[in-house]
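Here is the file my_file_28.txt (compact mmCIF, C-alpha atoms and all ligand atoms).
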```txt
# COMPACT_ATOMS: atom_id res chain seq x y z
CA GLY A 1 24.52 -11.10 -8.63
CA GLU A 2 24.05 -9.30 -5.34
CA THR A 3 21.39 -10.25 -2.84
CA ILE A 4 18.40 -8.05 -2.03
CA GLY A 5 16.73 -8.60 1.33
CA ILE A 6 12.95 -8.19 1.61
CA LEU A 7 11.16 -7.91 4.94
CA GLY A 8 7.75 -9.52 4.62
CA GLY A 9 6.62 -12.57 2.73
CA GLY A 10 3.29 -11.76 1.05
CA GLN A 11 2.31 -11.23 -2.57
CA LEU A 12 4.02 -7.83 -2.75
CA GLY A 13 7.33 -9.41 -1.76
CA ARG A 14 6.73 -12.21 -4.22
CA MET A 15 6.16 -9.80 -7.11
CA MET A 16 9.21 -7.76 -6.01
CA ALA A 17 11.23 -10.96 -6.08
CA PHE A 18 10.18 -11.66 -9.68
CA ALA A 19 11.28 -8.17 -10.70
CA ALA A 20 14.57 -8.53 -8.83
CA ALA A 21 15.28 -11.88 -10.44
CA ARG A 22 14.77 -10.40 -13.89
CA LEU A 23 17.49 -7.86 -13.13
CA GLY A 24 19.85 -10.62 -12.02
CA TYR A 25 19.57 -10.19 -8.25
CA ARG A 26 19.15 -12.94 -5.71
CA VAL A 27 16.45 -12.43 -3.11
CA HIS A 28 16.49 -13.28 0.57
CA ILE A 29 13.13 -13.01 2.34
CA PHE A 30 12.69 -12.45 6.07
CA ALA A 31 9.19 -13.18 7.36
CA PRO A 32 7.62 -14.63 10.47
CA GLU A 33 5.22 -16.98 8.69
CA PRO A 34 6.67 -20.40 7.80
CA ASP A 35 4.34 -20.82 4.81
CA SER A 36 5.30 -17.55 3.10
CA ILE A 37 4.23 -17.38 -0.56
CA ALA A 38 7.26 -15.20 -1.32
CA ALA A 39 9.66 -17.77 0.14
CA GLU A 40 8.69 -20.14 -2.69
CA VAL A 41 10.22 -17.86 -5.30
CA CYS A 42 13.40 -16.60 -3.63
CA ALA A 43 16.89 -17.97 -3.16
CA ARG A 44 16.90 -17.81 0.65
CA PHE A 45 14.27 -17.58 3.33
CA THR A 46 14.65 -16.72 6.97
CA CYS A 47 11.62 -17.54 9.07
CA ALA A 48 11.94 -15.69 12.36
CA ASP A 49 10.05 -13.28 14.57
CA TRP A 50 10.51 -9.58 13.81
CA GLY A 51 12.09 -9.17 17.23
CA ASP A 52 14.74 -11.87 16.71
CA ALA A 53 17.78 -9.55 16.56
CA GLN A 54 20.24 -12.37 15.87
CA ALA A 55 18.25 -13.67 12.90
CA MET A 56 17.73 -10.11 11.59
CA ALA A 57 21.47 -9.34 11.82
CA THR A 58 22.43 -12.57 10.03
CA PHE A 59 19.84 -11.89 7.32
CA ALA A 60 21.02 -8.31 6.78
CA ALA A 61 24.68 -9.36 6.63
CA ASP A 62 23.77 -11.57 3.66
CA CYS A 63 22.21 -8.64 1.75
CA ALA A 64 23.57 -5.67 -0.22
CA VAL A 65 20.37 -3.74 0.56
CA VAL A 66 17.25 -4.46 2.61
CA THR A 67 13.73 -3.27 1.76
CA TYR A 68 10.22 -4.06 2.96
CA GLU A 69 6.91 -5.07 1.43
CA PHE A 70 4.95 -4.92 4.67
CA GLU A 71 4.15 -1.57 6.24
CA ASN A 72 3.68 -2.92 9.75
CA VAL A 73 7.20 -4.27 10.25
CA PRO A 74 8.05 -3.18 13.82
CA VAL A 75 10.62 -0.39 13.60
CA GLY A 76 12.58 -1.05 16.83
CA PRO A 77 14.06 -4.42 15.76
CA LEU A 78 15.30 -2.90 12.48
CA ALA A 79 18.32 -1.58 14.38
CA ALA A 80 19.68 -5.12 13.94
CA VAL A 81 19.97 -4.48 10.19
CA GLY A 82 23.16 -2.63 11.16
CA ASP A 83 25.32 -1.25 8.33
CA THR A 84 23.34 -2.73 5.45
CA PRO A 85 21.36 0.06 3.73
CA LEU A 86 17.65 -0.12 4.62
CA LEU A 87 15.46 1.56 1.98
CA PRO A 88 13.05 3.26 2.09
CA HIS A 89 14.40 4.77 5.31
CA PRO A 90 12.46 3.43 8.33
CA ARG A 91 11.29 6.98 9.12
CA ALA A 92 8.74 6.33 6.35
CA LEU A 93 7.50 3.29 8.28
CA GLU A 94 7.31 5.28 11.50
CA THR A 95 5.27 7.98 9.81
CA ALA A 96 2.88 5.68 8.00
CA GLN A 97 2.31 3.08 10.72
CA ASP A 98 0.21 5.40 12.85
CA ARG A 99 -2.78 7.06 11.20
CA LEU A 100 -2.56 10.00 13.61
CA ASN A 101 1.15 10.65 12.84
CA GLU A 102 0.52 10.19 9.15
CA LYS A 103 -2.31 12.73 9.06
CA ASN A 104 -0.35 15.28 11.13
CA PHE A 105 2.70 14.82 8.93
CA VAL A 106 0.74 15.29 5.71
CA THR A 107 -1.19 18.27 7.12
CA ALA A 108 2.12 19.98 7.98
CA LEU A 109 3.11 19.59 4.30
CA GLY A 110 -0.09 21.31 3.16
CA GLY A 111 -2.18 18.18 2.58
CA ARG A 112 -5.82 17.91 3.59
CA PRO A 113 -7.05 14.74 5.32
CA ALA A 114 -10.62 14.08 6.48
CA PRO A 115 -11.34 15.87 9.77
CA PHE A 116 -9.94 13.64 12.52
CA MET A 117 -9.50 13.30 16.27
CA ALA A 118 -7.58 10.79 18.38
CA VAL A 119 -9.85 8.50 20.42
CA ASP A 120 -8.64 6.59 23.47
CA ASN A 121 -11.93 6.05 25.31
CA ALA A 122 -15.71 6.43 25.07
CA GLU A 123 -15.60 10.10 26.16
CA ASP A 124 -13.12 10.94 23.39
CA LEU A 125 -15.40 9.24 20.90
CA ALA A 126 -18.44 11.22 22.08
CA ARG A 127 -16.42 14.44 21.79
CA ALA A 128 -15.15 13.51 18.31
CA MET A 129 -18.66 12.68 17.07
CA ALA A 130 -19.96 15.97 18.47
CA GLU A 131 -17.16 17.99 16.92
CA ILE A 132 -16.75 16.25 13.57
CA GLY A 133 -20.28 14.88 13.23
CA THR A 134 -21.64 11.65 11.83
CA PRO A 135 -21.36 9.68 9.68
CA GLY A 136 -17.76 8.91 10.45
CA ILE A 137 -15.31 6.04 10.66
CA LEU A 138 -13.53 4.89 13.76
CA LYS A 139 -10.22 3.22 12.93
CA THR A 140 -7.40 1.65 14.88
CA ARG A 141 -4.39 3.94 14.57
CA ARG A 142 -2.10 1.00 13.85
CA ASP A 143 -2.10 -2.35 12.06
CA GLY A 144 -5.25 -1.94 9.95
CA TYR A 145 -5.42 -3.07 6.34
CA ASP A 146 -8.13 -4.12 3.88
CA GLY A 147 -10.65 -2.24 6.04
CA LYS A 148 -9.85 -4.33 9.14
CA GLY A 149 -10.01 -2.49 12.45
CA GLN A 150 -12.65 -0.01 11.25
CA TRP A 151 -16.17 0.77 12.44
CA ARG A 152 -18.56 2.87 10.40
CA ILE A 153 -20.64 5.12 12.60
CA MET A 154 -23.73 6.37 10.80
CA SER A 155 -25.32 8.05 13.81
CA PRO A 156 -24.29 8.65 17.45
CA GLN A 157 -26.45 5.66 18.50
CA ASP A 158 -24.10 3.37 16.57
CA ALA A 159 -21.39 4.17 19.10
CA ASP A 160 -23.53 3.00 22.06
CA GLY A 161 -23.14 -0.70 21.51
CA LEU A 162 -19.47 -0.48 20.49
CA ASP A 163 -17.05 -2.52 22.54
CA LEU A 164 -13.98 -0.37 21.96
CA PRO A 165 -10.73 -2.31 21.66
CA ASP A 166 -8.04 -1.27 24.13
CA VAL A 167 -5.75 0.28 21.50
CA PRO A 168 -5.33 3.87 20.27
CA LEU A 169 -8.04 4.83 17.78
CA ILE A 170 -8.83 7.71 15.46
CA TYR A 171 -12.23 9.05 14.41
CA GLU A 172 -12.54 10.47 10.90
CA GLY A 173 -15.38 12.34 9.31
CA PHE A 174 -16.94 10.47 6.42
CA ILE A 175 -15.87 12.00 3.09
CA ARG A 176 -18.48 12.14 0.34
CA PHE A 177 -16.23 11.43 -2.58
CA SER A 178 -16.92 11.27 -6.29
CA GLY A 179 -14.15 8.70 -6.63
CA GLU A 180 -10.96 7.33 -5.12
CA PHE A 181 -7.55 7.34 -6.73
CA SER A 182 -3.97 6.66 -5.79
CA VAL A 183 -0.73 8.40 -6.59
CA ILE A 184 2.18 5.99 -6.91
CA LEU A 185 5.67 7.33 -7.42
CA ALA A 186 9.18 5.99 -7.49
CA ARG A 187 12.06 8.10 -6.20
CA GLY A 188 15.63 7.16 -6.99
CA THR A 189 18.75 7.69 -4.90
CA ASP A 190 19.50 10.72 -7.12
CA GLY A 191 16.13 12.31 -6.22
CA ASP A 192 14.53 11.58 -9.61
CA ILE A 193 10.75 11.14 -9.17
CA GLN A 194 8.51 9.30 -11.62
CA PHE A 195 4.72 8.98 -11.32
CA TRP A 196 2.53 6.24 -12.68
CA GLU A 197 -0.85 7.08 -14.14
CA SER A 198 -3.28 7.46 -11.23
CA ALA A 199 -5.71 4.57 -11.11
CA GLU A 200 -9.33 5.00 -10.12
CA ASN A 201 -9.82 2.60 -7.24
CA ILE A 202 -13.13 0.99 -6.35
CA HIS A 203 -13.43 -0.65 -2.96
CA VAL A 204 -16.02 -3.23 -1.96
CA ALA A 205 -16.52 -3.86 1.75
CA GLY A 206 -13.33 -1.90 2.56
CA ILE A 207 -11.18 -4.02 0.20
CA LEU A 208 -9.80 -2.85 -3.14
CA ASP A 209 -11.83 -4.46 -5.93
CA THR A 210 -10.64 -2.77 -9.13
CA SER A 211 -8.02 -0.26 -10.23
CA THR A 212 -8.46 1.30 -13.65
CA VAL A 213 -6.21 3.41 -15.86
CA PRO A 214 -6.12 5.83 -17.56
CA THR A 215 -7.47 8.19 -14.92
CA PRO A 216 -11.09 8.99 -15.77
CA PRO A 217 -11.60 12.63 -16.86
CA ALA A 218 -13.71 13.41 -13.78
CA LEU A 219 -10.78 12.63 -11.47
CA LEU A 220 -7.97 13.86 -13.67
CA ALA A 221 -8.27 17.47 -12.53
CA GLN A 222 -7.31 16.42 -8.99
CA VAL A 223 -4.23 14.44 -9.83
CA GLU A 224 -1.80 17.32 -10.16
CA GLN A 225 -2.50 18.66 -6.66
CA ALA A 226 -2.31 15.13 -5.25
CA ARG A 227 1.03 14.57 -6.98
CA ASP A 228 2.38 17.80 -5.53
CA LEU A 229 1.61 16.48 -2.06
CA ALA A 230 3.09 13.06 -2.81
CA ARG A 231 6.27 14.72 -4.06
CA LYS A 232 6.52 16.77 -0.87
CA VAL A 233 6.03 13.65 1.25
CA ALA A 234 8.73 11.79 -0.69
CA GLU A 235 11.17 14.68 -0.43
CA ALA A 236 10.49 15.31 3.25
CA LEU A 237 11.27 11.65 3.98
CA ASP A 238 14.25 11.59 1.57
CA TYR A 239 12.41 8.59 0.26
CA VAL A 240 14.00 5.94 -1.95
CA GLY A 241 11.70 3.38 -3.60
CA VAL A 242 8.00 3.24 -4.44
CA LEU A 243 5.59 5.31 -2.35
CA THR A 244 1.79 5.37 -2.51
CA LEU A 245 -0.75 7.94 -1.37
CA GLU A 246 -4.50 7.23 -1.50
CA PHE A 247 -6.96 10.08 -2.13
CA PHE A 248 -10.66 10.83 -2.20
CA ALA A 249 -11.72 13.07 -5.09
CA THR A 250 -14.18 15.68 -3.82
CA GLU A 251 -15.82 18.89 -5.01
CA ASP A 252 -13.19 20.75 -2.99
CA GLY A 253 -10.26 18.89 -4.45
CA PRO A 254 -8.28 15.86 -3.33
CA VAL A 255 -8.60 14.70 0.27
CA PHE A 256 -5.68 12.59 1.55
CA ASN A 257 -6.75 9.19 2.88
CA GLU A 258 -3.57 7.32 3.77
CA MET A 259 -0.10 6.50 2.59
CA ALA A 260 1.77 3.23 2.16
CA PRO A 261 5.59 3.31 2.10
CA ARG A 262 5.69 0.53 -0.45
CA VAL A 263 4.43 -0.87 -3.71
CA HIS A 264 0.64 -0.96 -3.75
CA ASN A 265 -2.23 -3.15 -4.88
CA SER A 266 -3.57 -0.28 -7.01
CA GLY A 267 -0.32 -0.37 -9.03
CA HIS A 268 -0.45 -4.03 -10.06
CA TRP A 269 -1.78 -3.00 -13.48
CA SER A 270 1.71 -1.59 -14.16
CA ILE A 271 3.19 -5.10 -14.57
CA GLU A 272 1.64 -5.37 -18.03
CA GLY A 273 0.21 -1.89 -18.50
CA ALA A 274 3.24 0.37 -18.01
CA LEU A 275 6.64 0.54 -19.67
CA THR A 276 8.17 -0.15 -16.24
CA SER A 277 6.25 -1.78 -13.40
CA GLN A 278 6.13 -0.49 -9.85
CA PHE A 279 8.05 -3.60 -8.76
CA GLU A 280 10.88 -3.10 -11.21
CA ASN A 281 11.25 0.59 -10.37
CA HIS A 282 11.23 -0.20 -6.66
CA ILE A 283 14.13 -2.61 -7.18
CA ARG A 284 15.95 -0.14 -9.43
CA ALA A 285 15.52 2.65 -6.88
CA ILE A 286 16.81 0.73 -3.86
CA CYS A 287 19.74 -0.58 -5.92
CA GLY A 288 20.75 2.94 -6.94
CA LEU A 289 19.92 2.35 -10.61
CA PRO A 290 18.21 4.79 -12.99
CA LEU A 291 14.39 4.54 -12.97
CA GLY A 292 12.49 3.20 -15.96
CA LEU A 293 9.65 5.14 -17.54
CA PRO A 294 6.30 4.49 -15.80
CA THR A 295 4.39 5.58 -18.92
CA LEU A 296 1.11 3.83 -19.74
CA ALA A 297 1.90 1.30 -22.47
CA VAL A 298 -1.68 0.40 -23.42
CA LYS A 299 -4.91 2.25 -24.12
CA ALA A 300 -6.41 1.11 -20.85
CA ALA A 301 -5.89 -1.47 -18.11
CA GLN A 302 -8.11 -2.72 -15.35
CA MET A 303 -6.85 -4.78 -12.44
CA LYS A 304 -9.41 -6.86 -10.58
CA ASN A 305 -8.55 -8.55 -7.31
CA LEU A 306 -9.46 -12.19 -6.82
CA ILE A 307 -10.73 -12.27 -3.26
CA GLY A 308 -11.57 -15.32 -1.17
CA ASP A 309 -13.40 -17.92 -3.21
CA ASP A 310 -14.14 -15.68 -6.26
CA ALA A 311 -13.76 -16.75 -9.83
CA HIS A 312 -12.07 -20.08 -9.97
CA ASP A 313 -12.54 -20.71 -13.68
CA TRP A 314 -8.92 -19.99 -14.61
CA PRO A 315 -9.16 -21.51 -18.11
CA ALA A 316 -12.14 -19.24 -18.86
CA ILE A 317 -10.21 -16.19 -17.69
CA LEU A 318 -7.13 -17.21 -19.64
CA SER A 319 -9.10 -18.00 -22.78
CA ASP A 320 -9.51 -14.24 -23.26
CA PRO A 321 -6.15 -12.94 -24.48
CA ALA A 322 -6.86 -9.51 -22.98
CA ASN A 323 -6.59 -11.03 -19.51
CA HIS A 324 -3.38 -11.49 -17.53
CA LEU A 325 -3.78 -13.80 -14.56
CA HIS A 326 -1.67 -13.66 -11.41
CA LEU A 327 -2.17 -16.27 -8.70
CA TYR A 328 -0.25 -15.83 -5.50
CA GLY A 329 -0.04 -19.48 -4.52
CA LYS A 330 -1.96 -19.12 -1.27
CA ALA A 331 -3.26 -22.38 0.06
CA ALA A 332 -6.50 -21.56 1.81
CA ALA A 333 -9.09 -19.14 0.43
CA ARG A 334 -10.27 -17.40 3.59
CA PRO A 335 -13.05 -14.85 3.13
CA GLY A 336 -11.57 -11.47 2.23
CA ARG A 337 -8.13 -12.89 1.44
CA LYS A 338 -6.37 -11.63 -1.69
CA MET A 339 -5.66 -14.78 -3.74
CA GLY A 340 -4.56 -13.18 -6.99
CA HIS A 341 -5.54 -10.59 -9.56
CA VAL A 342 -6.41 -10.29 -13.22
CA THR A 343 -5.28 -7.37 -15.34
CA ARG A 344 -7.37 -6.81 -18.42
CA LEU A 345 -5.64 -4.80 -21.14
CA THR A 346 -7.21 -2.74 -23.90
CA LEU A 347 -4.68 -2.24 -26.66
CA GLY A 348 -4.50 0.95 -28.75
P1 LIG A 401 -5.73 -0.56 2.76
O1 LIG A 401 -5.92 -1.99 2.47
O2 LIG A 401 -5.91 0.36 1.58
O3 LIG A 401 -4.48 -0.24 3.56
P2 LIG A 401 -7.12 0.29 5.17
O4 LIG A 401 -7.61 -0.84 5.99
O5 LIG A 401 -5.91 1.03 5.61
O6 LIG A 401 -6.98 -0.19 3.66
P3 LIG A 401 -8.57 2.74 4.53
O7 LIG A 401 -7.83 3.04 3.30
O8 LIG A 401 -8.43 3.64 5.70
O9 LIG A 401 -8.35 1.24 5.03
O10 LIG A 401 -10.12 2.62 4.20
C1 LIG A 401 -10.58 1.65 3.29
C2 LIG A 401 -11.67 2.26 2.44
O11 LIG A 401 -12.77 2.69 3.27
C3 LIG A 401 -11.24 3.52 1.70
O12 LIG A 401 -10.53 3.23 0.52
C4 LIG A 401 -12.61 4.17 1.46
O13 LIG A 401 -13.31 3.51 0.44
C5 LIG A 401 -13.31 3.92 2.79
N1 LIG A 401 -12.99 5.01 3.72
C6 LIG A 401 -12.01 5.04 4.63
N2 LIG A 401 -11.97 6.20 5.32
C7 LIG A 401 -12.97 6.95 4.81
C8 LIG A 401 -13.49 8.26 5.09
N3 LIG A 401 -12.96 9.03 6.05
N4 LIG A 401 -14.54 8.70 4.36
C9 LIG A 401 -15.09 7.91 3.39
N5 LIG A 401 -14.67 6.68 3.09
C10 LIG A 401 -13.63 6.19 3.79
MG MG A 402 -4.08 1.18 4.77
MG MG A 403 -6.46 2.28 2.06
```
Spell out the structure here as structure tokens.
Ligand code: ATP
Ligand code: MG
Ligand code: MG
Amino acid sequence: GETIGILGGGQLGRMMAFAAARLGYRVHIFAPEPDSIAAEVCARFTCADWGDAQAMATFAADCAVVTYEFENVPVGPLAAVGDTPLLPHPRALETAQDRLNEKNFVTALGGRPAPFMAVDNAEDLARAMAEIGTPGILKTRRDGYDGKGQWRIMSPQDADGLDLPDVPLIYEGFIRFSGEFSVILARGTDGDIQFWESAENIHVAGILDTSTVPTPPALLAQVEQARDLARKVAEALDYVGVLTLEFFATEDGPVFNEMAPRVHNSGHWSIEGALTSQFENHIRAICGLPLGLPTLAVKAAQMKNLIGDDAHDWPAILSDPANHLHLYGKAAARPGRKMGHVTRLTLG
């Protein structure tokens, strides 16, 4: 079959590669880390820096289509992909890589983020705290994930001792939410959009812990409005592939948190819990194929991340037939590192 190129070599690329293989495609991974866990499961692997234009061009020439599993792929070097289609379009990366751009973009489409202000120095921060109030969260505009590059500011005094990093930042008001959920959609080359059930997401220490479907009744009323926004985002970007938006559910309706132009951790339940997984529909979309139905296939599913040194009794987990274990093949369990996940299904 044809070869699909994936930029990025983490667990998302690995699970994309499994879905691609099932549909008869070969996968070529491009990633800067030599010990990529996605490289183990693909036909070809190019280990090179993102900025290596020669390596990028050679990689792309081998592929019928190129996609990405990593939202912080630098956009400039992607010019070297040349004539090979790159989907989703890199304008989605540009929009989502900078929290300030992302919030302005979504606001222009009628979405409502937390109140925010750009912060480039201590004076900006003082102004933002005065205007927006505390508590709030100071975040790096770029490169953050799993809660990295964030400082919770409970009162103005918390800002006194802060040694601000010399990168663009953003201050956000703290949202008092009743829950968090994500909207994950796939959009095909023909513009067809399909939504998965919105999972309720619970974070612990800034890292996703569990995602549960079906959507609990208390959050369900907010999903339609959130989907409307996600649809507008996808259409404005002429998006092809899987797109994720994270929301806070509040008394005043859904508040946009952030978007990811890719498959998402809160959609891993769809591998066993939906008629078509987010990974399969991403591959179908970028290959110009019809999308599969994302419909919930079970009564309920809960995905739990295995973080750091958690839960190493695999036989105990597997001895319960409701559990589906995924291990990513990462060598070292660093604190906070996503090592795998378990999806627990409740059948009808
Ligand atoms: P991800 O791994 O999802 O990309 P991230 O590092 O980009 O994470 P965010 O999604 O910005 O981080 O924040 C992580 C979590 O911190 C959120 O899911 C939420 O629980 C909490 N959080 C972030 N911003 C706010 C806010 N403005 N108000 C309340 N809670 C927040
Ligand atoms: Mg994020
Ligand atoms: Mg997030």
Close residues to ligand MG 402 (chain A) using all atoms listed in the file, limit 9 Å, as number ranges by chain | A: 71, 96-97, 99, 143-147, 246, 257-260
Separating atom C2 of ligand LIG 401 (chain A) from CA of Val298 (chain A), to the nearest tenth of an Å, is a gap of 27.8 Å
Could you give me, as a ChimeraX atom specification, the residues within 12 Å of region 47-59 of chain A, counting only C-alpha atoms and dropping anything in the same chain fewer than 6 positions from it?
-> /A:3-9,27-36,38-39,65-67,70,72-84
Which residue, A:Cys63, A:Ile207, A:Leu318, A:Ile307, has the smallest gap to Ala332 (chain A) when you use all atoms listed in the file?
-> A:Ile307
Looking at all atoms listed in the file, which of A:Thr212, A:Thr276, A:Asn101, A:Asn265 is the one that sits closest to ligand LIG 401 (chain A)?
->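 Smallest separation from ligand LIG 401 (chain A) among the options: A:Asn265.
You can rank A:Gly329, A:Gly336, A:Pro88, A:Gly308 by their closest distance to ligand LIG 401 (chain A) using all atoms listed in the file, and at the top of that list sits A:Gly336.
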Give me the residues within 7 Å of region 181-193 of chain A as number ranges by chain, counting all atoms listed in the file and dropping any in the same chain fewer than 6 places off.
-> A: 199-201, 227, 239-248, 281-282, 285, 288, 290-291
Just the selected residues (C-alpha atoms), exported as an mmCIF file, keeping the file's coordinate frame, please.
```
data_model
loop_
_atom_site.group_PDB
_atom_site.id
_atom_site.type_symbol
_atom_site.label_atom_id
_atom_site.label_comp_id
_atom_site.auth_asym_id
_atom_site.auth_seq_id
_atom_site.Cartn_x
_atom_site.Cartn_y
_atom_site.Cartn_z
ATOM 1 C CA ALA A 199 -5.710 4.570 -11.110
ATOM 2 C CA GLU A 200 -9.330 5.000 -10.120
ATOM 3 C CA ASN A 201 -9.820 2.600 -7.240
ATOM 4 C CA ARG A 227 1.030 14.570 -6.980
ATOM 5 C CA TYR A 239 12.410 8.590 0.260
ATOM 6 C CA VAL A 240 14.000 5.940 -1.950
ATOM 7 C CA GLY A 241 11.700 3.380 -3.600
ATOM 8 C CA VAL A 242 8.000 3.240 -4.440
ATOM 9 C CA LEU A 243 5.590 5.310 -2.350
ATOM 10 C CA THR A 244 1.790 5.370 -2.510
ATOM 11 C CA LEU A 245 -0.750 7.940 -1.370
ATOM 12 C CA GLU A 246 -4.500 7.230 -1.500
ATOM 13 C CA PHE A 247 -6.960 10.080 -2.130
ATOM 14 C CA PHE A 248 -10.660 10.830 -2.200
ATOM 15 C CA ASN A 281 11.250 0.590 -10.370
ATOM 16 C CA HIS A 282 11.230 -0.200 -6.660
ATOM 17 C CA ALA A 285 15.520 2.650 -6.880
ATOM 18 C CA GLY A 288 20.750 2.940 -6.940
ATOM 19 C CA PRO A 290 18.210 4.790 -12.990
ATOM 20 C CA LEU A 291 14.390 4.540 -12.970
#
```
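Reported to one decimal place, the separation of CA of His203 (chain A) from CA of Ser266 (chain A) is 10.7 Å.
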Take atom C9 of ligand LIG 401 (chain A) and CA of Ile175 (chain A) and report the distance between them in Å, one decimal.
->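 We find that atom C9 of ligand LIG 401 (chain A) and CA of Ile175 (chain A) lie 4.2 Å from each other.
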Long-range neighbours of Pro135 (chain A) as a count of residues only, 12 Å cut-off, only C-alpha atoms, 3 positions minimum in chain | 22
Can you work out which one of A:Val204, A:Leu237, A:Ala301, A:Met16 has the shortest atom-to-atom distance to Leu93 (chain A), counting only C-alpha atoms?
->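 Checking each candidate against Leu93 (chain A), we get A:Leu237 as the closest.
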Find the spatial neighbours of Leu100 (chain A), counting only C-alpha atoms, within a cut-off of 8 Å - ignore same-chain residues fewer than 4 positions away - and output them as a list in words.
-> Asn104, Ala118, Arg141 and Ile170 of chain A
Output of region 128-141 of chain A limited to N, CA and C atoms, as a PDB file, in the first residue's frame:
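Contents of out-v1.pdb, freshly written:
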```pdb
ATOM      1  N   ALA A 128      -2.107  42.505  34.631  1.00  0.00           N
ATOM      2  CA  ALA A 128      -3.055  41.419  34.340  1.00  0.00           C
ATOM      3  C   ALA A 128      -3.752  40.961  35.622  1.00  0.00           C
ATOM      4  N   MET A 129      -2.985  40.868  36.710  1.00  0.00           N
ATOM      5  CA  MET A 129      -3.589  40.428  37.980  1.00  0.00           C
ATOM      6  C   MET A 129      -4.587  41.471  38.468  1.00  0.00           C
ATOM      7  N   ALA A 130      -4.245  42.755  38.272  1.00  0.00           N
ATOM      8  CA  ALA A 130      -5.155  43.817  38.715  1.00  0.00           C
ATOM      9  C   ALA A 130      -6.440  43.794  37.890  1.00  0.00           C
ATOM     10  N   GLU A 131      -6.297  43.603  36.598  1.00  0.00           N
ATOM     11  CA  GLU A 131      -7.446  43.652  35.699  1.00  0.00           C
ATOM     12  C   GLU A 131      -8.327  42.403  35.804  1.00  0.00           C
ATOM     13  N   ILE A 132      -7.668  41.245  35.766  1.00  0.00           N
ATOM     14  CA  ILE A 132      -8.409  39.977  35.702  1.00  0.00           C
ATOM     15  C   ILE A 132      -8.688  39.446  37.101  1.00  0.00           C
ATOM     16  N   GLY A 133      -7.792  39.759  38.027  1.00  0.00           N
ATOM     17  CA  GLY A 133      -7.937  39.288  39.406  1.00  0.00           C
ATOM     18  C   GLY A 133      -7.204  37.986  39.646  1.00  0.00           C
ATOM     19  N   THR A 134      -7.186  37.581  40.907  1.00  0.00           N
ATOM     20  CA  THR A 134      -6.638  36.285  41.297  1.00  0.00           C
ATOM     21  C   THR A 134      -7.788  35.499  41.924  1.00  0.00           C
ATOM     22  N   PRO A 135      -7.721  34.177  41.954  1.00  0.00           N
ATOM     23  CA  PRO A 135      -6.639  33.359  41.410  1.00  0.00           C
ATOM     24  C   PRO A 135      -6.615  33.370  39.884  1.00  0.00           C
ATOM     25  N   GLY A 136      -5.426  33.026  39.376  1.00  0.00           N
ATOM     26  CA  GLY A 136      -5.244  32.932  37.936  1.00  0.00           C
ATOM     27  C   GLY A 136      -4.118  31.965  37.634  1.00  0.00           C
ATOM     28  N   ILE A 137      -3.888  31.746  36.362  1.00  0.00           N
ATOM     29  CA  ILE A 137      -2.806  30.850  35.949  1.00  0.00           C
ATOM     30  C   ILE A 137      -1.952  31.578  34.930  1.00  0.00           C
ATOM     31  N   LEU A 138      -0.663  31.580  35.185  1.00  0.00           N
ATOM     32  CA  LEU A 138       0.292  32.129  34.236  1.00  0.00           C
ATOM     33  C   LEU A 138       0.821  30.952  33.430  1.00  0.00           C
ATOM     34  N   LYS A 139       0.774  31.083  32.104  1.00  0.00           N
ATOM     35  CA  LYS A 139       1.220  29.963  31.250  1.00  0.00           C
ATOM     36  C   LYS A 139       2.203  30.476  30.202  1.00  0.00           C
ATOM     37  N   THR A 140       3.140  29.626  29.802  1.00  0.00           N
ATOM     38  CA  THR A 140       3.938  29.976  28.628  1.00  0.00           C
ATOM     39  C   THR A 140       2.992  29.928  27.430  1.00  0.00           C
ATOM     40  N   ARG A 141       3.189  30.874  26.484  1.00  0.00           N
ATOM     41  CA  ARG A 141       2.304  30.879  25.324  1.00  0.00           C
ATOM     42  C   ARG A 141       2.551  29.665  24.445  1.00  0.00           C
TER      43      ARG A 141
END
```
